[in-house]
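Have a look at entry.cif; it's mmCIF, N, CA and C atoms:
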```cif
data_final
loop_
_atom_site.label_atom_id
_atom_site.label_comp_id
_atom_site.auth_asym_id
_atom_site.auth_seq_id
_atom_site.Cartn_x
_atom_site.Cartn_y
_atom_site.Cartn_z
N MET A 1169 55.96 82.08 24.28
CA MET A 1169 55.04 81.47 23.34
C MET A 1169 55.84 80.93 22.15
N PRO A 1170 55.57 79.69 21.75
CA PRO A 1170 56.28 79.09 20.62
C PRO A 1170 56.04 79.86 19.32
N SER A 1171 57.08 79.92 18.50
CA SER A 1171 56.93 80.58 17.21
C SER A 1171 56.22 79.65 16.24
N PRO A 1172 55.42 80.22 15.33
CA PRO A 1172 54.72 79.39 14.35
C PRO A 1172 55.68 78.85 13.29
N VAL A 1173 55.25 77.82 12.59
CA VAL A 1173 56.05 77.21 11.53
C VAL A 1173 56.51 78.26 10.53
N SER A 1174 55.67 79.23 10.25
CA SER A 1174 56.01 80.27 9.26
C SER A 1174 57.20 81.12 9.68
N GLU A 1175 57.54 81.12 10.97
CA GLU A 1175 58.68 81.89 11.46
C GLU A 1175 59.83 81.00 11.92
N CYS A 1176 59.71 79.70 11.72
CA CYS A 1176 60.70 78.75 12.22
C CYS A 1176 61.89 78.65 11.27
N LEU A 1177 63.06 78.92 11.80
CA LEU A 1177 64.30 78.86 11.03
C LEU A 1177 64.48 77.52 10.35
N TYR A 1178 64.24 76.44 11.06
CA TYR A 1178 64.45 75.09 10.51
C TYR A 1178 63.38 74.71 9.51
N CYS A 1179 62.13 75.03 9.81
CA CYS A 1179 61.05 74.68 8.89
C CYS A 1179 61.12 75.48 7.60
N GLN A 1180 61.54 76.74 7.70
CA GLN A 1180 61.61 77.59 6.52
C GLN A 1180 62.86 77.30 5.68
N ASN A 1181 63.88 76.66 6.31
CA ASN A 1181 65.10 76.29 5.58
C ASN A 1181 65.61 77.49 4.77
N ASN A 1182 65.78 78.62 5.47
CA ASN A 1182 66.04 79.88 4.79
C ASN A 1182 67.52 80.28 4.80
N ASP A 1183 67.80 81.45 4.27
CA ASP A 1183 69.18 81.95 4.19
C ASP A 1183 69.81 82.09 5.57
N THR A 1184 69.04 82.51 6.54
CA THR A 1184 69.57 82.65 7.90
C THR A 1184 70.11 81.31 8.40
N LEU A 1185 69.36 80.25 8.17
CA LEU A 1185 69.81 78.92 8.56
C LEU A 1185 71.13 78.58 7.85
N HIS A 1186 71.20 78.84 6.57
CA HIS A 1186 72.39 78.48 5.79
C HIS A 1186 73.58 79.37 6.10
N GLN A 1187 73.35 80.54 6.66
CA GLN A 1187 74.46 81.38 7.12
C GLN A 1187 75.05 80.85 8.41
N LEU A 1188 74.23 80.16 9.20
CA LEU A 1188 74.67 79.63 10.49
C LEU A 1188 75.20 78.20 10.43
N MET A 1189 74.63 77.39 9.53
CA MET A 1189 74.89 75.95 9.54
C MET A 1189 74.97 75.38 8.13
N ILE A 1190 75.59 74.20 8.06
CA ILE A 1190 75.69 73.45 6.80
C ILE A 1190 75.02 72.10 7.03
N LYS A 1191 74.09 71.74 6.17
CA LYS A 1191 73.44 70.44 6.31
C LYS A 1191 74.44 69.33 6.03
N VAL A 1192 74.45 68.34 6.90
CA VAL A 1192 75.37 67.21 6.79
C VAL A 1192 74.65 65.96 6.28
N ALA A 1193 73.48 65.65 6.87
CA ALA A 1193 72.81 64.40 6.52
C ALA A 1193 71.38 64.39 7.04
N ASP A 1194 70.59 63.49 6.45
CA ASP A 1194 69.29 63.15 6.99
C ASP A 1194 69.47 61.91 7.85
N LEU A 1195 68.84 61.93 9.02
CA LEU A 1195 68.89 60.79 9.94
C LEU A 1195 67.49 60.16 10.00
N LYS A 1196 67.26 59.29 10.96
CA LYS A 1196 65.96 58.60 11.03
C LYS A 1196 64.78 59.57 11.13
N VAL A 1197 64.83 60.46 12.11
CA VAL A 1197 63.74 61.43 12.28
C VAL A 1197 64.27 62.85 12.40
N SER A 1198 65.52 63.05 12.00
CA SER A 1198 66.18 64.34 12.19
C SER A 1198 67.00 64.71 10.97
N GLN A 1199 67.43 65.97 10.99
CA GLN A 1199 68.44 66.45 10.05
C GLN A 1199 69.66 66.84 10.88
N LEU A 1200 70.83 66.62 10.30
CA LEU A 1200 72.07 66.93 11.00
C LEU A 1200 72.73 68.13 10.32
N PHE A 1201 73.12 69.11 11.14
CA PHE A 1201 73.77 70.32 10.66
C PHE A 1201 75.09 70.54 11.39
N LEU A 1202 76.08 71.05 10.66
CA LEU A 1202 77.34 71.49 11.23
C LEU A 1202 77.27 73.00 11.41
N PHE A 1203 77.58 73.47 12.62
CA PHE A 1203 77.65 74.91 12.84
C PHE A 1203 78.87 75.47 12.13
N LYS A 1204 78.69 76.60 11.47
CA LYS A 1204 79.84 77.25 10.83
C LYS A 1204 80.79 77.80 11.90
N GLU A 1205 80.24 78.29 13.00
CA GLU A 1205 81.09 78.75 14.10
C GLU A 1205 81.62 77.51 14.82
N GLN A 1206 82.94 77.33 14.78
CA GLN A 1206 83.55 76.09 15.26
C GLN A 1206 84.52 76.29 16.42
N SER A 1207 84.20 77.17 17.37
CA SER A 1207 85.03 77.28 18.57
C SER A 1207 85.09 75.93 19.28
N TYR A 1208 83.99 75.19 19.22
CA TYR A 1208 83.94 73.82 19.73
C TYR A 1208 84.07 72.92 18.51
N ALA A 1209 85.28 72.47 18.26
CA ALA A 1209 85.59 71.74 17.02
C ALA A 1209 84.71 70.51 16.86
N GLY A 1210 83.91 70.50 15.78
CA GLY A 1210 83.02 69.40 15.50
C GLY A 1210 81.60 69.61 15.99
N ARG A 1211 81.26 70.79 16.44
CA ARG A 1211 79.92 71.06 16.98
C ARG A 1211 78.85 70.88 15.91
N LEU A 1212 77.83 70.12 16.27
CA LEU A 1212 76.73 69.80 15.37
C LEU A 1212 75.39 70.08 16.03
N ASN A 1213 74.35 70.04 15.23
CA ASN A 1213 72.99 70.24 15.71
C ASN A 1213 72.10 69.17 15.09
N VAL A 1214 71.41 68.41 15.93
CA VAL A 1214 70.45 67.41 15.48
C VAL A 1214 69.07 68.05 15.59
N VAL A 1215 68.40 68.20 14.45
CA VAL A 1215 67.14 68.95 14.38
C VAL A 1215 66.01 67.99 14.00
N TYR A 1216 64.99 67.93 14.84
CA TYR A 1216 63.84 67.08 14.55
C TYR A 1216 63.21 67.51 13.23
N LYS A 1217 62.87 66.56 12.37
CA LYS A 1217 62.39 66.88 11.01
C LYS A 1217 61.05 67.61 10.99
N ASP A 1218 60.16 67.26 11.89
CA ASP A 1218 58.85 67.91 11.94
C ASP A 1218 58.88 69.02 12.98
N HIS A 1219 57.93 69.94 12.86
CA HIS A 1219 57.88 71.06 13.80
C HIS A 1219 57.29 70.59 15.12
N ALA A 1220 58.17 70.39 16.08
CA ALA A 1220 57.78 70.09 17.46
C ALA A 1220 58.60 71.02 18.34
N VAL A 1221 58.09 71.30 19.52
CA VAL A 1221 58.78 72.23 20.39
C VAL A 1221 59.34 71.53 21.63
N GLU A 1222 58.58 70.64 22.22
CA GLU A 1222 58.97 70.00 23.47
C GLU A 1222 59.07 68.48 23.30
N PHE A 1223 59.95 67.88 24.06
CA PHE A 1223 60.11 66.42 24.03
C PHE A 1223 58.79 65.72 24.35
N TYR A 1224 58.03 66.24 25.30
CA TYR A 1224 56.80 65.58 25.71
C TYR A 1224 55.72 65.59 24.62
N GLU A 1225 55.91 66.40 23.59
CA GLU A 1225 54.95 66.41 22.48
C GLU A 1225 55.11 65.20 21.57
N LEU A 1226 56.25 64.56 21.64
CA LEU A 1226 56.52 63.41 20.78
C LEU A 1226 55.95 62.15 21.39
N SER A 1227 55.59 61.21 20.55
CA SER A 1227 55.19 59.89 21.05
C SER A 1227 56.44 59.22 21.60
N ASP A 1228 56.27 58.16 22.35
CA ASP A 1228 57.42 57.42 22.87
C ASP A 1228 58.33 56.98 21.72
N GLU A 1229 57.73 56.49 20.65
CA GLU A 1229 58.52 56.02 19.51
C GLU A 1229 59.29 57.17 18.86
N GLN A 1230 58.63 58.30 18.64
CA GLN A 1230 59.30 59.46 18.02
C GLN A 1230 60.45 59.96 18.89
N ARG A 1231 60.19 60.06 20.19
CA ARG A 1231 61.22 60.53 21.13
C ARG A 1231 62.40 59.57 21.16
N ASN A 1232 62.12 58.28 21.20
CA ASN A 1232 63.20 57.29 21.22
C ASN A 1232 64.03 57.34 19.93
N LEU A 1233 63.37 57.53 18.79
CA LEU A 1233 64.09 57.63 17.52
C LEU A 1233 64.93 58.92 17.47
N PHE A 1234 64.39 60.01 18.00
CA PHE A 1234 65.15 61.26 18.05
C PHE A 1234 66.40 61.08 18.92
N MET A 1235 66.22 60.50 20.08
CA MET A 1235 67.37 60.29 20.97
C MET A 1235 68.36 59.28 20.37
N GLU A 1236 67.87 58.35 19.59
CA GLU A 1236 68.75 57.43 18.86
C GLU A 1236 69.58 58.21 17.83
N ASP A 1237 68.96 59.16 17.15
CA ASP A 1237 69.70 60.02 16.23
C ASP A 1237 70.78 60.81 16.97
N VAL A 1238 70.43 61.36 18.13
CA VAL A 1238 71.39 62.12 18.94
C VAL A 1238 72.57 61.22 19.33
N ALA A 1239 72.28 60.02 19.78
CA ALA A 1239 73.33 59.09 20.18
C ALA A 1239 74.20 58.68 18.99
N THR A 1240 73.59 58.48 17.84
CA THR A 1240 74.33 58.13 16.62
C THR A 1240 75.32 59.23 16.26
N VAL A 1241 74.88 60.48 16.36
CA VAL A 1241 75.75 61.61 16.05
C VAL A 1241 76.87 61.72 17.08
N ALA A 1242 76.54 61.57 18.34
CA ALA A 1242 77.57 61.65 19.39
C ALA A 1242 78.64 60.56 19.18
N LYS A 1243 78.20 59.38 18.83
CA LYS A 1243 79.14 58.28 18.58
C LYS A 1243 80.03 58.60 17.37
N ALA A 1244 79.44 59.19 16.34
CA ALA A 1244 80.22 59.58 15.16
C ALA A 1244 81.26 60.63 15.52
N ILE A 1245 80.89 61.60 16.36
CA ILE A 1245 81.83 62.62 16.81
C ILE A 1245 82.96 61.97 17.61
N ALA A 1246 82.58 61.06 18.50
CA ALA A 1246 83.60 60.39 19.32
C ALA A 1246 84.61 59.65 18.45
N LYS A 1247 84.13 58.96 17.43
CA LYS A 1247 85.02 58.22 16.53
C LYS A 1247 85.86 59.15 15.67
N ALA A 1248 85.24 60.21 15.17
CA ALA A 1248 85.91 61.10 14.23
C ALA A 1248 86.93 62.02 14.89
N PHE A 1249 86.63 62.49 16.12
CA PHE A 1249 87.44 63.55 16.72
C PHE A 1249 88.00 63.24 18.10
N ASN A 1250 87.56 62.16 18.72
CA ASN A 1250 88.07 61.75 20.02
C ASN A 1250 88.05 62.88 21.06
N PRO A 1251 86.90 63.51 21.28
CA PRO A 1251 86.84 64.57 22.30
C PRO A 1251 86.96 63.97 23.70
N ASP A 1252 87.31 64.81 24.65
CA ASP A 1252 87.39 64.37 26.05
C ASP A 1252 86.02 64.27 26.68
N LYS A 1253 85.06 65.03 26.18
CA LYS A 1253 83.69 65.01 26.68
C LYS A 1253 82.78 65.54 25.59
N ILE A 1254 81.55 65.06 25.56
CA ILE A 1254 80.54 65.59 24.65
C ILE A 1254 79.43 66.19 25.51
N ASN A 1255 79.11 67.45 25.25
CA ASN A 1255 78.02 68.13 25.95
C ASN A 1255 76.79 68.13 25.04
N TYR A 1256 75.61 68.15 25.66
CA TYR A 1256 74.35 68.13 24.94
C TYR A 1256 73.50 69.30 25.43
N GLY A 1257 72.82 69.98 24.50
CA GLY A 1257 71.97 71.08 24.92
C GLY A 1257 70.72 71.18 24.07
N ALA A 1258 69.57 71.25 24.74
CA ALA A 1258 68.29 71.44 24.05
C ALA A 1258 67.65 72.68 24.67
N PHE A 1259 67.92 73.85 24.09
CA PHE A 1259 67.52 75.10 24.71
C PHE A 1259 66.21 75.64 24.15
N SER A 1260 66.19 76.17 22.97
CA SER A 1260 64.97 76.59 22.26
C SER A 1260 64.17 77.68 22.95
N ASP A 1261 64.80 78.55 23.72
CA ASP A 1261 64.04 79.64 24.35
C ASP A 1261 63.42 80.55 23.29
N THR A 1262 64.20 80.90 22.29
CA THR A 1262 63.71 81.84 21.28
C THR A 1262 63.46 81.19 19.93
N LEU A 1263 64.00 80.02 19.72
CA LEU A 1263 63.79 79.28 18.47
C LEU A 1263 62.98 78.03 18.79
N SER A 1264 61.68 78.11 18.57
CA SER A 1264 60.76 77.06 18.98
C SER A 1264 60.73 75.91 17.99
N HIS A 1265 61.76 75.09 18.03
CA HIS A 1265 61.80 73.88 17.22
C HIS A 1265 62.73 72.91 17.95
N LEU A 1266 62.29 71.69 18.11
CA LEU A 1266 63.06 70.70 18.87
C LEU A 1266 64.38 70.39 18.18
N HIS A 1267 65.47 70.64 18.89
CA HIS A 1267 66.80 70.34 18.36
C HIS A 1267 67.76 70.14 19.53
N MET A 1268 68.85 69.47 19.25
CA MET A 1268 69.84 69.16 20.28
C MET A 1268 71.22 69.55 19.78
N HIS A 1269 71.89 70.42 20.54
CA HIS A 1269 73.27 70.79 20.24
C HIS A 1269 74.18 69.66 20.74
N ILE A 1270 75.08 69.23 19.89
CA ILE A 1270 76.06 68.20 20.26
C ILE A 1270 77.42 68.91 20.22
N VAL A 1271 78.02 69.06 21.40
CA VAL A 1271 79.19 69.92 21.55
C VAL A 1271 80.38 69.12 22.07
N PRO A 1272 81.32 68.78 21.18
CA PRO A 1272 82.53 68.10 21.66
C PRO A 1272 83.41 69.08 22.42
N LYS A 1273 83.95 68.62 23.54
CA LYS A 1273 84.85 69.46 24.35
C LYS A 1273 86.18 68.73 24.50
N TYR A 1274 87.24 69.52 24.53
CA TYR A 1274 88.60 68.98 24.57
C TYR A 1274 89.34 69.62 25.75
N ASN A 1275 90.10 68.82 26.51
CA ASN A 1275 90.82 69.32 27.68
C ASN A 1275 91.58 70.60 27.39
N ASP A 1276 92.20 70.70 26.25
CA ASP A 1276 93.00 71.88 25.91
C ASP A 1276 92.25 72.82 24.97
N GLY A 1277 90.94 72.62 24.82
CA GLY A 1277 90.17 73.40 23.86
C GLY A 1277 89.32 74.49 24.48
N TYR A 1278 88.66 75.21 23.63
CA TYR A 1278 87.83 76.34 24.03
C TYR A 1278 86.75 75.89 25.00
N GLY A 1279 86.63 76.58 26.12
CA GLY A 1279 85.52 76.41 27.04
C GLY A 1279 85.49 75.12 27.83
N PHE A 1280 86.58 74.34 27.83
CA PHE A 1280 86.55 73.09 28.59
C PHE A 1280 86.42 73.42 30.08
N GLY A 1281 85.52 72.72 30.75
CA GLY A 1281 85.32 72.93 32.18
C GLY A 1281 84.37 74.07 32.50
N SER A 1282 83.83 74.72 31.47
CA SER A 1282 82.88 75.80 31.70
C SER A 1282 81.59 75.51 30.94
N VAL A 1283 80.61 76.34 31.18
CA VAL A 1283 79.31 76.19 30.54
C VAL A 1283 79.45 76.49 29.05
N PHE A 1284 78.75 75.72 28.26
CA PHE A 1284 78.72 75.88 26.81
C PHE A 1284 78.25 77.28 26.44
N GLU A 1285 78.99 77.92 25.55
CA GLU A 1285 78.65 79.25 25.05
C GLU A 1285 78.00 79.10 23.68
N MET A 1286 76.80 79.60 23.51
CA MET A 1286 76.01 79.32 22.31
C MET A 1286 76.71 79.69 21.01
N ASN A 1287 77.21 80.90 20.89
CA ASN A 1287 77.81 81.31 19.63
C ASN A 1287 78.93 82.31 19.91
N PRO A 1288 80.10 81.83 20.26
CA PRO A 1288 81.19 82.73 20.66
C PRO A 1288 81.74 83.61 19.54
N GLN A 1289 81.42 83.31 18.27
CA GLN A 1289 81.84 84.14 17.13
C GLN A 1289 83.36 84.28 17.04
N LYS A 1290 84.09 83.20 17.32
CA LYS A 1290 85.55 83.27 17.32
C LYS A 1290 86.22 82.47 16.21
N THR A 1291 85.62 81.35 15.81
CA THR A 1291 86.31 80.44 14.90
C THR A 1291 85.45 80.08 13.71
N TYR A 1292 85.88 80.53 12.54
CA TYR A 1292 85.24 80.16 11.28
C TYR A 1292 86.29 79.51 10.39
N LEU A 1293 85.86 78.61 9.54
CA LEU A 1293 86.76 77.81 8.73
C LEU A 1293 86.57 78.09 7.25
N SER A 1294 87.46 77.54 6.46
CA SER A 1294 87.32 77.59 5.00
C SER A 1294 86.33 76.52 4.56
N ASP A 1295 85.83 76.64 3.36
CA ASP A 1295 84.93 75.62 2.82
C ASP A 1295 85.60 74.25 2.84
N THR A 1296 86.88 74.21 2.52
CA THR A 1296 87.62 72.95 2.52
C THR A 1296 87.65 72.34 3.93
N GLU A 1297 87.90 73.17 4.93
CA GLU A 1297 87.94 72.67 6.31
C GLU A 1297 86.57 72.17 6.76
N TYR A 1298 85.50 72.88 6.39
CA TYR A 1298 84.15 72.39 6.71
C TYR A 1298 83.91 71.04 6.05
N ASN A 1299 84.31 70.91 4.80
CA ASN A 1299 84.10 69.65 4.08
C ASN A 1299 84.86 68.50 4.71
N VAL A 1300 86.04 68.74 5.21
CA VAL A 1300 86.82 67.69 5.90
C VAL A 1300 86.05 67.21 7.13
N ILE A 1301 85.54 68.14 7.92
CA ILE A 1301 84.76 67.77 9.11
C ILE A 1301 83.53 66.98 8.72
N ILE A 1302 82.81 67.46 7.72
CA ILE A 1302 81.58 66.79 7.27
C ILE A 1302 81.88 65.37 6.80
N GLU A 1303 82.93 65.20 6.04
CA GLU A 1303 83.28 63.86 5.55
C GLU A 1303 83.67 62.93 6.70
N LYS A 1304 84.37 63.44 7.70
CA LYS A 1304 84.72 62.62 8.86
C LYS A 1304 83.47 62.18 9.62
N ILE A 1305 82.52 63.10 9.77
CA ILE A 1305 81.26 62.75 10.45
C ILE A 1305 80.49 61.72 9.63
N LYS A 1306 80.31 61.97 8.34
CA LYS A 1306 79.55 61.04 7.49
C LYS A 1306 80.18 59.66 7.49
N ALA A 1307 81.50 59.59 7.49
CA ALA A 1307 82.19 58.29 7.49
C ALA A 1307 81.94 57.49 8.75
N ASN A 1308 81.51 58.19 9.81
CA ASN A 1308 81.30 57.51 11.09
C ASN A 1308 79.83 57.43 11.52
N LEU A 1309 78.92 57.90 10.67
CA LEU A 1309 77.49 57.79 11.01
C LEU A 1309 77.00 56.36 10.86
#
```
Can the structure in the file be given as structure tokens, please?
Amino acid sequence: MPSPVSECLYCQNNDTLHQLMIKVADLKVSQLFLFKEQSYAGRLNVVYKDHAVEFYELSDEQRNLFMEDVATVAKAIAKAFNPDKINYGAFSDTLSHLHMHIVPKYNDGYGFGSVFEMNPQKTYLSDTEYNVIIEKIKANL
């Protein structure tokens, strides 16, 4: 059963969200966040601005704009970091809010050739390092 807006991490914009992610930018119909856990260097999350759970709940226009936001972010990652592959994931089993994980993968990097691991808890950066990534992404949006 989907969680109500009152329990939604993204809608509540609470401390838990800010412990996990850093807001990067507002997009057409989404917000862009950088995951603090960076085992997948440059991993971002495109979060639909309104509380929706499933793609089919969106109008054709809303869905197309959301996917345009996803593509814009993927292109920015490609330009900024030159990954060998970009993986996409829209899971939401326990967090009922439409969002898409954008996961750059590198031939010599963590988890290449295997299934994306949600939160490996292995790589955290300094504030300066997060800011460098954010500026590279913003410069390519």
Which stretch 1191-1236 of chain A residues have any atom within 7 Å of an atom of stretch 1292-1309 of chain A, and for each, what is the nearest pair of atoms with distance in Å to one decimal, counting all atoms listed in the file, rows sorted by chain and number, as CSV?
```
residue,atom,partner,partner_atom,distance
A:Val1192,CA,A:Ile1302,CA,6.2
A:Lys1204,C,A:Tyr1292,CA,5.1
A:Glu1205,CA,A:Tyr1292,CA,5.2
A:Gln1206,N,A:Tyr1292,N,4.9
A:Ser1207,N,A:Tyr1292,N,6.1
A:Gly1210,CA,A:Ile1301,CA,6.8
```
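Taking only C-alpha atoms into account, A:Val1241 lies nearest to A:Leu1200 out of the set A:Val1173, A:Met1286, A:Leu1185, A:Leu1200.
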Using Å and a single decimal, report how far atom CA of A:Asp1276 sits from atom N of A:Phe1201.
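So the answer is 24.9 Å.
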Given the PyMOL selection byres (((chain A and resi 1197 and name CA) around 10) and name CA) and the file above, list the residues it selects as a PyMOL selection string.
chain A and resi 1194-1196+1198-1199+1214-1218+1230-1237
Using only C-alpha atoms, which of A:His1265, A:His1219, A:His1186, A:Lys1253 sits nearest A:Phe1203?
A:His1186
Interatomic distance, atom C of A:Asp1252 to atom C of A:Asn1275 (Å, one decimal):
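Calculated distance between atom C of A:Asp1252 and atom C of A:Asn1275 is 8.5 Å.
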To test your reading of the structure, identify every residue in chain A that backbone DSSP assigns to helix (DSSP H, G or I), and report it as a VMD selection string.
chain A and resid 1173 to 1175 1177 to 1180 1183 to 1188 1223 to 1225 1228 to 1249 1295 to 1308
Grab the atom C of A:Ile1270 to atom C of A:Asn1255 distance for me, in Å with one decimal place.
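Taking atom C of A:Ile1270 and atom C of A:Asn1255, their separation equals 4.9 Å.
Of the residues under consideration (A:Cys1179, A:Ile1245, A:Val1283, A:Leu1188), A:Ile1245 shows the shortest atom-to-atom contact distance to A:Arg1211 when counting only C-alpha atoms.
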Option closest in space to A:Leu1212, from A:Asn1182, A:Ser1227, A:Ser1260, A:Thr1240 [counting only C-alpha atoms]
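The shortest atom-to-atom distance to A:Leu1212 comes from A:Thr1240.
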Residues of chain A classed as strand (DSSP E or B) by DSSP on the backbone are to be reported as a ChimeraX atom specification.
/A:1189-1194,1198-1203,1212-1216,1253-1257,1267-1273
Among listed residues A:Ala1209, A:Val1238, A:Leu1263, A:Ala1220, nearest A:Glu1175 (using all atoms listed in the file):
A:Leu1263
Translate the PyMOL selection byres (((chain A and resi 1261 and name CA) around 12) and name CA), as applied to the file shown, into an explicit residue set as a VMD selection string.
chain A and resid 1169 to 1171 1221 to 1222 1257 to 1260 1262 to 1267
Just checking: using only C-alpha atoms, which residue out of A:Ile1254, A:Met1189, A:Leu1177, A:Met1268 ends up closest to A:Phe1280?
A:Ile1254
